[in-house]
Structure formats: C-alpha cells, structure tokens
$ cat my_file.txt   # compact mmCIF, N, CA and C atoms and all ligand atoms
# COMPACT_ATOMS: atom_id res chain seq x y z
N MET R 21 37.64 162.32 307.76
CA MET R 21 37.87 160.87 307.71
C MET R 21 39.17 160.52 308.44
N ASN R 22 39.10 159.58 309.36
CA ASN R 22 40.31 159.13 310.08
C ASN R 22 40.73 157.73 309.70
N LYS R 23 39.73 156.94 309.26
CA LYS R 23 40.01 155.54 308.92
C LYS R 23 39.41 155.22 307.56
N LEU R 24 40.11 154.34 306.83
CA LEU R 24 39.62 153.89 305.54
C LEU R 24 39.62 152.36 305.56
N PHE R 25 38.53 151.76 305.13
CA PHE R 25 38.40 150.31 305.19
C PHE R 25 38.51 149.70 303.79
N ILE R 26 39.24 148.60 303.71
CA ILE R 26 39.40 147.90 302.43
C ILE R 26 39.51 146.41 302.71
N THR R 27 39.09 145.59 301.75
CA THR R 27 39.27 144.15 301.91
C THR R 27 40.66 143.76 301.39
N ARG R 28 41.14 142.60 301.83
CA ARG R 28 42.43 142.08 301.36
C ARG R 28 42.41 141.92 299.84
N GLU R 29 41.27 141.44 299.29
CA GLU R 29 41.17 141.19 297.85
C GLU R 29 41.35 142.48 297.05
N LEU R 30 40.68 143.54 297.50
CA LEU R 30 40.79 144.81 296.76
C LEU R 30 42.18 145.39 296.88
N LEU R 31 42.79 145.24 298.07
CA LEU R 31 44.15 145.76 298.24
C LEU R 31 45.12 144.99 297.35
N ASP R 32 44.91 143.67 297.26
CA ASP R 32 45.77 142.86 296.39
C ASP R 32 45.62 143.28 294.92
N GLU R 33 44.38 143.64 294.54
CA GLU R 33 44.12 144.09 293.18
C GLU R 33 44.91 145.38 292.87
N ILE R 34 44.93 146.29 293.84
CA ILE R 34 45.68 147.54 293.67
C ILE R 34 47.18 147.24 293.54
N ILE R 35 47.66 146.37 294.43
CA ILE R 35 49.10 146.05 294.42
C ILE R 35 49.49 145.35 293.11
N SER R 36 48.62 144.47 292.62
CA SER R 36 48.88 143.80 291.33
C SER R 36 49.02 144.82 290.22
N HIS R 37 48.09 145.77 290.20
CA HIS R 37 48.13 146.81 289.16
C HIS R 37 49.45 147.59 289.25
N CYS R 38 49.85 147.93 290.46
CA CYS R 38 51.09 148.70 290.65
C CYS R 38 52.29 147.89 290.17
N ARG R 39 52.28 146.60 290.44
CA ARG R 39 53.41 145.75 290.01
C ARG R 39 53.43 145.59 288.50
N GLU R 40 52.25 145.46 287.90
CA GLU R 40 52.17 145.29 286.44
C GLU R 40 52.71 146.52 285.71
N ASP R 41 52.45 147.70 286.25
CA ASP R 41 52.87 148.92 285.56
C ASP R 41 54.30 149.33 285.90
N TYR R 42 54.92 148.65 286.86
CA TYR R 42 56.31 148.93 287.21
C TYR R 42 57.19 148.82 285.98
N PRO R 43 58.17 149.68 285.71
CA PRO R 43 58.65 150.76 286.58
C PRO R 43 57.94 152.10 286.41
N LYS R 44 56.80 152.11 285.68
CA LYS R 44 56.01 153.34 285.59
C LYS R 44 55.09 153.44 286.81
N GLU R 45 54.63 154.64 287.10
CA GLU R 45 53.64 154.79 288.16
C GLU R 45 52.29 154.32 287.65
N ALA R 46 51.63 153.50 288.46
CA ALA R 46 50.26 153.09 288.17
C ALA R 46 49.32 154.02 288.92
N CYS R 47 48.09 154.17 288.43
CA CYS R 47 47.16 155.04 289.14
C CYS R 47 45.73 154.58 288.89
N GLY R 48 44.84 154.99 289.77
CA GLY R 48 43.44 154.63 289.62
C GLY R 48 42.60 155.29 290.68
N ILE R 49 41.33 154.92 290.65
CA ILE R 49 40.35 155.55 291.54
C ILE R 49 39.67 154.46 292.38
N LEU R 50 39.45 154.78 293.64
CA LEU R 50 38.80 153.85 294.56
C LEU R 50 37.39 154.34 294.84
N GLY R 51 36.42 153.49 294.49
CA GLY R 51 35.02 153.84 294.71
C GLY R 51 34.47 153.10 295.90
N GLY R 52 33.46 153.67 296.52
CA GLY R 52 32.86 152.99 297.67
C GLY R 52 31.74 153.81 298.26
N LYS R 53 31.51 153.53 299.55
CA LYS R 53 30.48 154.27 300.29
C LYS R 53 31.06 154.67 301.63
N GLY R 54 30.83 155.90 302.02
CA GLY R 54 31.36 156.38 303.30
C GLY R 54 32.86 156.24 303.32
N ASN R 55 33.39 155.45 304.26
CA ASN R 55 34.85 155.26 304.28
C ASN R 55 35.22 153.81 304.00
N THR R 56 34.37 153.12 303.22
CA THR R 56 34.64 151.73 302.83
C THR R 56 34.83 151.63 301.33
N ILE R 57 36.00 151.10 300.93
CA ILE R 57 36.28 150.94 299.51
C ILE R 57 35.58 149.68 299.01
N LYS R 58 34.88 149.80 297.87
CA LYS R 58 34.14 148.66 297.34
C LYS R 58 34.58 148.27 295.95
N LYS R 59 35.28 149.15 295.25
CA LYS R 59 35.67 148.83 293.88
C LYS R 59 36.93 149.60 293.48
N VAL R 60 37.78 148.89 292.73
CA VAL R 60 39.02 149.50 292.23
C VAL R 60 38.86 149.77 290.74
N TYR R 61 39.08 151.02 290.34
CA TYR R 61 39.02 151.39 288.93
C TYR R 61 40.42 151.74 288.47
N ARG R 62 41.00 150.87 287.65
CA ARG R 62 42.32 151.17 287.11
C ARG R 62 42.22 152.33 286.13
N ALA R 63 43.22 153.17 286.11
CA ALA R 63 43.26 154.27 285.15
C ALA R 63 44.57 154.19 284.39
N VAL R 64 44.59 154.88 283.26
CA VAL R 64 45.83 155.00 282.49
C VAL R 64 46.61 156.19 283.06
N ASN R 65 47.89 156.00 283.26
CA ASN R 65 48.73 157.11 283.68
C ASN R 65 49.06 157.94 282.43
N VAL R 66 48.37 159.05 282.29
CA VAL R 66 48.52 159.88 281.10
C VAL R 66 49.95 160.42 281.00
N ASP R 67 50.59 160.62 282.14
CA ASP R 67 51.99 161.09 282.15
C ASP R 67 52.95 160.02 281.64
N ASN R 68 52.55 158.75 281.72
CA ASN R 68 53.40 157.63 281.30
C ASN R 68 54.81 157.79 281.90
N SER R 69 54.86 157.98 283.21
CA SER R 69 56.11 158.36 283.88
C SER R 69 56.39 157.44 285.06
N SER R 70 57.64 157.40 285.47
CA SER R 70 57.98 156.62 286.67
C SER R 70 58.06 157.51 287.91
N VAL R 71 57.81 158.81 287.75
CA VAL R 71 57.86 159.71 288.91
C VAL R 71 56.61 160.57 289.10
N THR R 72 55.72 160.59 288.11
CA THR R 72 54.47 161.33 288.27
C THR R 72 53.34 160.53 287.63
N TYR R 73 52.11 160.98 287.92
CA TYR R 73 50.96 160.35 287.28
C TYR R 73 49.91 161.42 287.02
N ARG R 74 49.02 161.14 286.08
CA ARG R 74 47.86 161.98 285.86
C ARG R 74 46.74 161.09 285.36
N ILE R 75 45.56 161.32 285.90
CA ILE R 75 44.39 160.50 285.57
C ILE R 75 43.40 161.31 284.75
N GLU R 76 42.87 160.70 283.71
CA GLU R 76 41.71 161.27 283.01
C GLU R 76 40.49 160.62 283.65
N PRO R 77 39.81 161.28 284.56
CA PRO R 77 38.84 160.59 285.41
C PRO R 77 37.43 160.46 284.84
N PHE R 78 37.17 161.07 283.68
CA PHE R 78 35.76 161.25 283.31
C PHE R 78 35.02 159.94 283.07
N GLN R 79 35.68 158.99 282.39
CA GLN R 79 35.03 157.71 282.14
C GLN R 79 34.78 156.96 283.46
N ILE R 80 35.75 157.02 284.36
CA ILE R 80 35.62 156.33 285.64
C ILE R 80 34.52 156.99 286.48
N LEU R 81 34.47 158.31 286.45
CA LEU R 81 33.43 159.00 287.22
C LEU R 81 32.04 158.58 286.74
N LYS R 82 31.92 158.35 285.43
CA LYS R 82 30.65 157.89 284.87
C LYS R 82 30.30 156.50 285.40
N SER R 83 31.31 155.60 285.39
CA SER R 83 31.08 154.24 285.90
C SER R 83 30.70 154.26 287.38
N LEU R 84 31.36 155.12 288.14
CA LEU R 84 31.05 155.23 289.57
C LEU R 84 29.59 155.62 289.76
N GLN R 85 29.20 156.62 289.00
CA GLN R 85 27.83 157.13 289.11
C GLN R 85 26.83 156.03 288.75
N GLN R 86 27.14 155.30 287.67
CA GLN R 86 26.24 154.23 287.24
C GLN R 86 26.17 153.13 288.28
N GLY R 87 27.29 152.88 288.98
CA GLY R 87 27.30 151.84 290.01
C GLY R 87 26.82 152.31 291.36
N GLY R 88 26.43 153.59 291.45
CA GLY R 88 25.93 154.11 292.72
C GLY R 88 27.01 154.25 293.78
N LEU R 89 28.25 154.41 293.34
CA LEU R 89 29.36 154.53 294.29
C LEU R 89 29.92 155.95 294.28
N GLU R 90 30.56 156.28 295.38
CA GLU R 90 31.22 157.57 295.47
C GLU R 90 32.71 157.38 295.18
N MET R 91 33.33 158.45 294.73
CA MET R 91 34.78 158.42 294.58
C MET R 91 35.39 158.72 295.94
N ILE R 92 36.08 157.72 296.49
CA ILE R 92 36.61 157.89 297.85
C ILE R 92 38.05 158.39 297.83
N ALA R 93 38.85 157.81 296.94
CA ALA R 93 40.28 158.13 296.96
C ALA R 93 40.89 157.89 295.60
N VAL R 94 42.07 158.46 295.41
CA VAL R 94 42.91 158.19 294.25
C VAL R 94 44.09 157.37 294.74
N TYR R 95 44.47 156.33 293.99
CA TYR R 95 45.68 155.60 294.37
C TYR R 95 46.72 155.74 293.27
N HIS R 96 47.98 155.66 293.68
CA HIS R 96 49.06 155.57 292.70
C HIS R 96 50.27 154.93 293.34
N SER R 97 51.18 154.49 292.50
CA SER R 97 52.37 153.79 293.02
C SER R 97 53.58 154.71 293.00
N HIS R 98 54.50 154.40 293.87
CA HIS R 98 55.82 155.03 293.87
C HIS R 98 56.84 153.93 293.61
N PRO R 99 57.21 153.73 292.34
CA PRO R 99 58.13 152.64 292.02
C PRO R 99 59.51 152.83 292.67
N HIS R 100 59.90 154.09 292.87
CA HIS R 100 61.29 154.35 293.30
C HIS R 100 61.38 155.19 294.56
N SER R 101 60.25 155.39 295.25
CA SER R 101 60.33 156.21 296.47
C SER R 101 59.35 155.70 297.52
N GLN R 102 59.45 156.26 298.71
CA GLN R 102 58.66 155.80 299.84
C GLN R 102 57.17 156.11 299.64
N ALA R 103 56.35 155.49 300.48
CA ALA R 103 54.89 155.70 300.42
C ALA R 103 54.52 156.99 301.14
N TYR R 104 55.03 158.08 300.58
CA TYR R 104 54.75 159.40 301.14
C TYR R 104 54.58 160.38 299.97
N PRO R 105 53.64 161.33 300.07
CA PRO R 105 53.38 162.22 298.93
C PRO R 105 54.65 162.97 298.48
N SER R 106 54.88 162.98 297.18
CA SER R 106 56.00 163.75 296.63
C SER R 106 55.61 165.22 296.57
N LEU R 107 56.58 166.08 296.32
CA LEU R 107 56.28 167.51 296.19
C LEU R 107 55.28 167.74 295.07
N ILE R 108 55.45 166.99 293.97
CA ILE R 108 54.51 167.14 292.85
C ILE R 108 53.11 166.67 293.25
N ASP R 109 53.06 165.56 294.00
CA ASP R 109 51.74 165.08 294.48
C ASP R 109 51.04 166.18 295.27
N ILE R 110 51.80 166.83 296.14
CA ILE R 110 51.22 167.86 297.01
C ILE R 110 50.78 169.06 296.17
N GLU R 111 51.66 169.46 295.23
CA GLU R 111 51.31 170.60 294.38
C GLU R 111 50.06 170.32 293.55
N ARG R 112 50.03 169.12 292.94
CA ARG R 112 48.90 168.80 292.05
C ARG R 112 47.61 168.61 292.82
N SER R 113 47.70 168.26 294.10
CA SER R 113 46.47 168.07 294.88
C SER R 113 45.73 169.39 295.05
N SER R 114 46.42 170.51 294.85
CA SER R 114 45.74 171.79 295.01
C SER R 114 45.41 172.43 293.67
N GLU R 115 45.66 171.71 292.56
CA GLU R 115 45.24 172.23 291.26
C GLU R 115 43.72 172.20 291.17
N PRO R 116 43.14 173.22 290.54
CA PRO R 116 41.68 173.32 290.58
C PRO R 116 40.96 172.15 289.93
N TYR R 117 41.58 171.49 288.93
CA TYR R 117 40.85 170.42 288.25
C TYR R 117 41.15 169.04 288.80
N SER R 118 42.08 168.94 289.74
CA SER R 118 42.43 167.60 290.22
C SER R 118 41.72 167.15 291.49
N PRO R 119 41.37 168.04 292.43
CA PRO R 119 40.89 167.50 293.70
C PRO R 119 39.42 167.08 293.70
N TYR R 120 39.16 165.99 292.99
CA TYR R 120 37.84 165.40 293.13
C TYR R 120 37.71 164.81 294.52
N VAL R 121 38.84 164.41 295.08
CA VAL R 121 38.90 163.94 296.47
C VAL R 121 40.16 164.52 297.09
N SER R 122 40.26 164.39 298.38
CA SER R 122 41.48 164.84 299.05
C SER R 122 42.20 163.66 299.68
N ILE R 123 41.74 162.43 299.37
CA ILE R 123 42.34 161.24 299.97
C ILE R 123 43.19 160.52 298.92
N TYR R 124 44.42 160.22 299.28
CA TYR R 124 45.37 159.60 298.36
C TYR R 124 45.98 158.36 298.98
N MET R 125 45.92 157.25 298.25
CA MET R 125 46.62 156.04 298.68
C MET R 125 47.90 155.94 297.84
N ILE R 126 49.00 155.65 298.52
CA ILE R 126 50.28 155.51 297.82
C ILE R 126 50.86 154.14 298.12
N VAL R 127 51.23 153.43 297.05
CA VAL R 127 51.82 152.10 297.17
C VAL R 127 53.30 152.20 296.77
N SER R 128 54.18 152.00 297.72
CA SER R 128 55.61 152.04 297.42
C SER R 128 56.11 150.64 297.10
N LEU R 129 56.89 150.56 296.01
CA LEU R 129 57.45 149.26 295.61
C LEU R 129 58.96 149.23 295.84
N VAL R 130 59.45 150.13 296.67
CA VAL R 130 60.88 150.22 296.92
C VAL R 130 61.39 149.01 297.70
N GLN R 131 60.61 148.61 298.70
CA GLN R 131 60.99 147.44 299.51
C GLN R 131 60.54 146.17 298.79
N GLY R 132 60.96 145.04 299.28
CA GLY R 132 60.50 143.77 298.73
C GLY R 132 58.99 143.64 298.84
N GLU R 133 58.46 143.96 300.03
CA GLU R 133 57.02 143.94 300.24
C GLU R 133 56.47 145.34 299.98
N PRO R 134 55.34 145.45 299.25
CA PRO R 134 54.78 146.78 299.00
C PRO R 134 54.38 147.45 300.32
N GLU R 135 54.60 148.75 300.36
CA GLU R 135 54.22 149.53 301.54
C GLU R 135 53.07 150.43 301.12
N VAL R 136 51.95 150.37 301.85
CA VAL R 136 50.76 151.13 301.47
C VAL R 136 50.42 152.15 302.56
N SER R 137 50.27 153.41 302.16
CA SER R 137 49.87 154.44 303.11
C SER R 137 48.77 155.28 302.49
N VAL R 138 47.96 155.87 303.36
CA VAL R 138 46.86 156.73 302.90
C VAL R 138 46.99 158.09 303.58
N PHE R 139 46.78 159.13 302.78
CA PHE R 139 46.92 160.49 303.31
C PHE R 139 45.75 161.35 302.85
N ALA R 140 45.38 162.27 303.73
CA ALA R 140 44.49 163.36 303.33
C ALA R 140 45.38 164.54 303.03
N ILE R 141 45.27 165.10 301.84
CA ILE R 141 46.09 166.26 301.49
C ILE R 141 45.16 167.42 301.17
N LYS R 142 45.29 168.46 301.94
CA LYS R 142 44.43 169.62 301.69
C LYS R 142 45.22 170.88 301.98
N ASP R 143 45.23 171.78 301.02
CA ASP R 143 45.98 173.04 301.17
C ASP R 143 47.40 172.78 301.67
N ARG R 144 48.03 171.80 301.08
CA ARG R 144 49.42 171.43 301.39
C ARG R 144 49.62 170.87 302.78
N ASP R 145 48.51 170.59 303.45
CA ASP R 145 48.60 169.98 304.77
C ASP R 145 48.41 168.47 304.59
N ILE R 146 49.33 167.67 305.15
CA ILE R 146 49.29 166.22 304.94
C ILE R 146 48.98 165.52 306.27
N ARG R 147 47.93 164.70 306.23
CA ARG R 147 47.55 163.98 307.43
C ARG R 147 47.41 162.50 307.07
N GLU R 148 48.02 161.63 307.87
CA GLU R 148 47.92 160.21 307.55
C GLU R 148 46.58 159.65 308.03
N ILE R 149 46.04 158.75 307.22
CA ILE R 149 44.76 158.11 307.53
C ILE R 149 45.03 156.63 307.74
N GLU R 150 44.41 156.07 308.76
CA GLU R 150 44.63 154.66 309.07
C GLU R 150 43.89 153.77 308.06
N LEU R 151 44.63 152.85 307.45
CA LEU R 151 44.01 151.92 306.50
C LEU R 151 43.73 150.61 307.25
N ILE R 152 42.49 150.23 307.27
CA ILE R 152 42.10 149.02 307.99
C ILE R 152 41.72 147.95 306.98
N ILE R 153 42.47 146.84 307.01
CA ILE R 153 42.22 145.73 306.08
C ILE R 153 41.32 144.74 306.79
N ALA R 154 40.09 144.63 306.29
CA ALA R 154 39.12 143.77 306.98
C ALA R 154 38.37 142.92 305.96
ZN ZN R 201 53.29 160.26 294.10
$ encode --input "my_file.txt" --output "structure tokens"
Amino acid sequence: MNKLFITRELLDEIISHCREDYPKEACGILGGKGNTIKKVYRAVNVDNSSVTYRIEPFQILKSLQQGGLEMIAVYHSHPHSQAYPSLIDIERSSEPYSPYVSIYMIVSLVQGEPEVSVFAIKDRDIREIELIIA
C-alpha cells in the first residue's frame, strides 16, 4: 500500500477523539475496503497513558466483520511528540499479538494544528504512506 484514502469527515472524527482524550493517548481502529477508510472505531487506551497505548481489539474486530469491513489501520495520538512512530510503537508493532495490520496513523497534537501521518511498520522498517483526503 502506498496511498490511503480518507474523507475530511472521518479525519475530523479521529482528530476530535484525539483532542477529547488529551493529554492521554487516544487510539482506535480504521475499517474500510482496500485502501479506503470507511469507518472509525474508537477504542479504549488500556494503558491509560500519555506516552503509550494498547487496544483490546476483539469487540471492534467483531463489529468490523459484521459490517463487512476490513481492518485497514490502527490510529493513535501523540499528545507530546511528533507524528512519527516512537520506539515503543516500533517494538510493539512486532509483538506477535499486536500486528493485525502493519499500517499506523499517528496524530500529533504538539503543534496548534494537528499533524497526521501514516506509516507502514514491518520488522522495524518504517515507510511513510501518503494520506489522501478526498
Ligand atoms: Zn505512538
């Protein structure tokens, strides 16, 4: 995957969630088809932390399946750092129970305007993916 498509409305929904959970990290799952995001599933940050997150995905995975959508990406916020994967993000992406996907959206709230980036993380290799708002 080189490009990921999202509507302005869905992106705003993600950003709202990230702002609401500030100063904790917000997290959730993005469902869709192919490389188009169609639905945002908010999750509880089990870590309840401002520097890490953890998702219990099972209920969301069930909803995705019922809605006929695929899990495209995981999103989370960085309340205090740039929109780039942290060392913990990279480490956890290779944990056996976490990589339901390899695509991660990160919303940084460090600047006045949220900064959103998407990355493919696989075997500690990080590649940026173009996010197209359409
Ligand atoms: Zn992170």
$ residues_near_ligand --input "my_file.txt" --ligand "ligand ZN 201 (chain R)" --cutoff "7 Å" --atoms "all atoms listed in the file" --output "PyMOL selection string"
chain R and resi 71-73+96-98+104-106+108-109+126
$ residues_near_point --input "my_file.txt" --point "(46.1, 162.9, 286.4)" --cutoff "10 Å" --atoms "only C-alpha atoms" --output "MDAnalysis selection string"
chainID R and resid 47:48 63:67 72:77 94 112:113 117:118
$ closest_residue --input "my_file.txt" --among "R:Tyr95, R:Phe25, R:Tyr124, R:Phe139" --to "Gly54 (chain R)" --atoms "only C-alpha atoms"
R:Phe25
$ atom_distance --input "my_file.txt" --atom1 "CA of Ala140 (chain R)" --atom2 "atom N of Ile153 (chain R)"
17.0 Å
$ closest_residue --input "my_file.txt" --among "R:Leu24, R:Leu129, R:Ala46, R:Ile141" --to "Ser114 (chain R)" --atoms "only N, CA and C atoms"
R:Ile141
$ decode --input "my_file.txt" --residues "region 64-75 of chain R" --atoms "N, CA, C and O atoms" --output "JSON list (two decimals), in the first residue's frame"
[["chain", "number", "residue", "atom", "x", "y", "z"],
["R", 64, "VAL", "N", -10.65, 2.01, 23.70],
["R", 64, "VAL", "CA", -10.16, 2.47, 24.99],
["R", 64, "VAL", "C", -8.65, 2.23, 25.03],
["R", 64, "VAL", "O", -8.18, 1.17, 24.62],
["R", 65, "ASN", "N", -7.91, 3.21, 25.48],
["R", 65, "ASN", "CA", -6.47, 3.01, 25.67],
["R", 65, "ASN", "C", -6.27, 2.27, 26.99],
["R", 65, "ASN", "O", -6.37, 2.85, 28.07],
["R", 66, "VAL", "N", -6.03, 0.98, 26.88],
["R", 66, "VAL", "CA", -5.91, 0.13, 28.07],
["R", 66, "VAL", "C", -4.72, 0.59, 28.93],
["R", 66, "VAL", "O", -4.73, 0.46, 30.14],
["R", 67, "ASP", "N", -3.70, 1.14, 28.30],
["R", 67, "ASP", "CA", -2.54, 1.66, 29.05],
["R", 67, "ASP", "C", -2.89, 2.91, 29.86],
["R", 67, "ASP", "O", -2.19, 3.24, 30.81],
["R", 68, "ASN", "N", -3.94, 3.62, 29.45],
["R", 68, "ASN", "CA", -4.35, 4.86, 30.12],
["R", 68, "ASN", "C", -3.12, 5.77, 30.33],
["R", 68, "ASN", "O", -2.89, 6.26, 31.44],
["R", 69, "SER", "N", -2.39, 6.01, 29.25],
["R", 69, "SER", "CA", -1.09, 6.68, 29.35],
["R", 69, "SER", "C", -1.00, 7.85, 28.38],
["R", 69, "SER", "O", -1.75, 7.90, 27.39],
["R", 70, "SER", "N", -0.09, 8.76, 28.65],
["R", 70, "SER", "CA", 0.13, 9.87, 27.72],
["R", 70, "SER", "C", 1.30, 9.59, 26.79],
["R", 70, "SER", "O", 1.63, 10.42, 25.94],
["R", 71, "VAL", "N", 1.95, 8.42, 26.94],
["R", 71, "VAL", "CA", 3.08, 8.11, 26.07],
["R", 71, "VAL", "C", 2.98, 6.75, 25.37],
["R", 71, "VAL", "O", 3.79, 6.45, 24.48],
["R", 72, "THR", "N", 2.02, 5.92, 25.77],
["R", 72, "THR", "CA", 1.82, 4.65, 25.08],
["R", 72, "THR", "C", 0.32, 4.38, 24.97],
["R", 72, "THR", "O", -0.50, 5.05, 25.60],
["R", 73, "TYR", "N", 0.00, 3.36, 24.15],
["R", 73, "TYR", "CA", -1.39, 2.95, 24.06],
["R", 73, "TYR", "C", -1.43, 1.44, 23.86],
["R", 73, "TYR", "O", -0.45, 0.82, 23.44],
["R", 74, "ARG", "N", -2.58, 0.85, 24.19],
["R", 74, "ARG", "CA", -2.82, -0.55, 23.88],
["R", 74, "ARG", "C", -4.31, -0.71, 23.66],
["R", 74, "ARG", "O", -5.11, -0.16, 24.40],
["R", 75, "ILE", "N", -4.63, -1.47, 22.62],
["R", 75, "ILE", "CA", -6.03, -1.66, 22.23],
["R", 75, "ILE", "C", -6.46, -3.09, 22.52],
["R", 75, "ILE", "O", -5.70, -4.02, 22.27]]
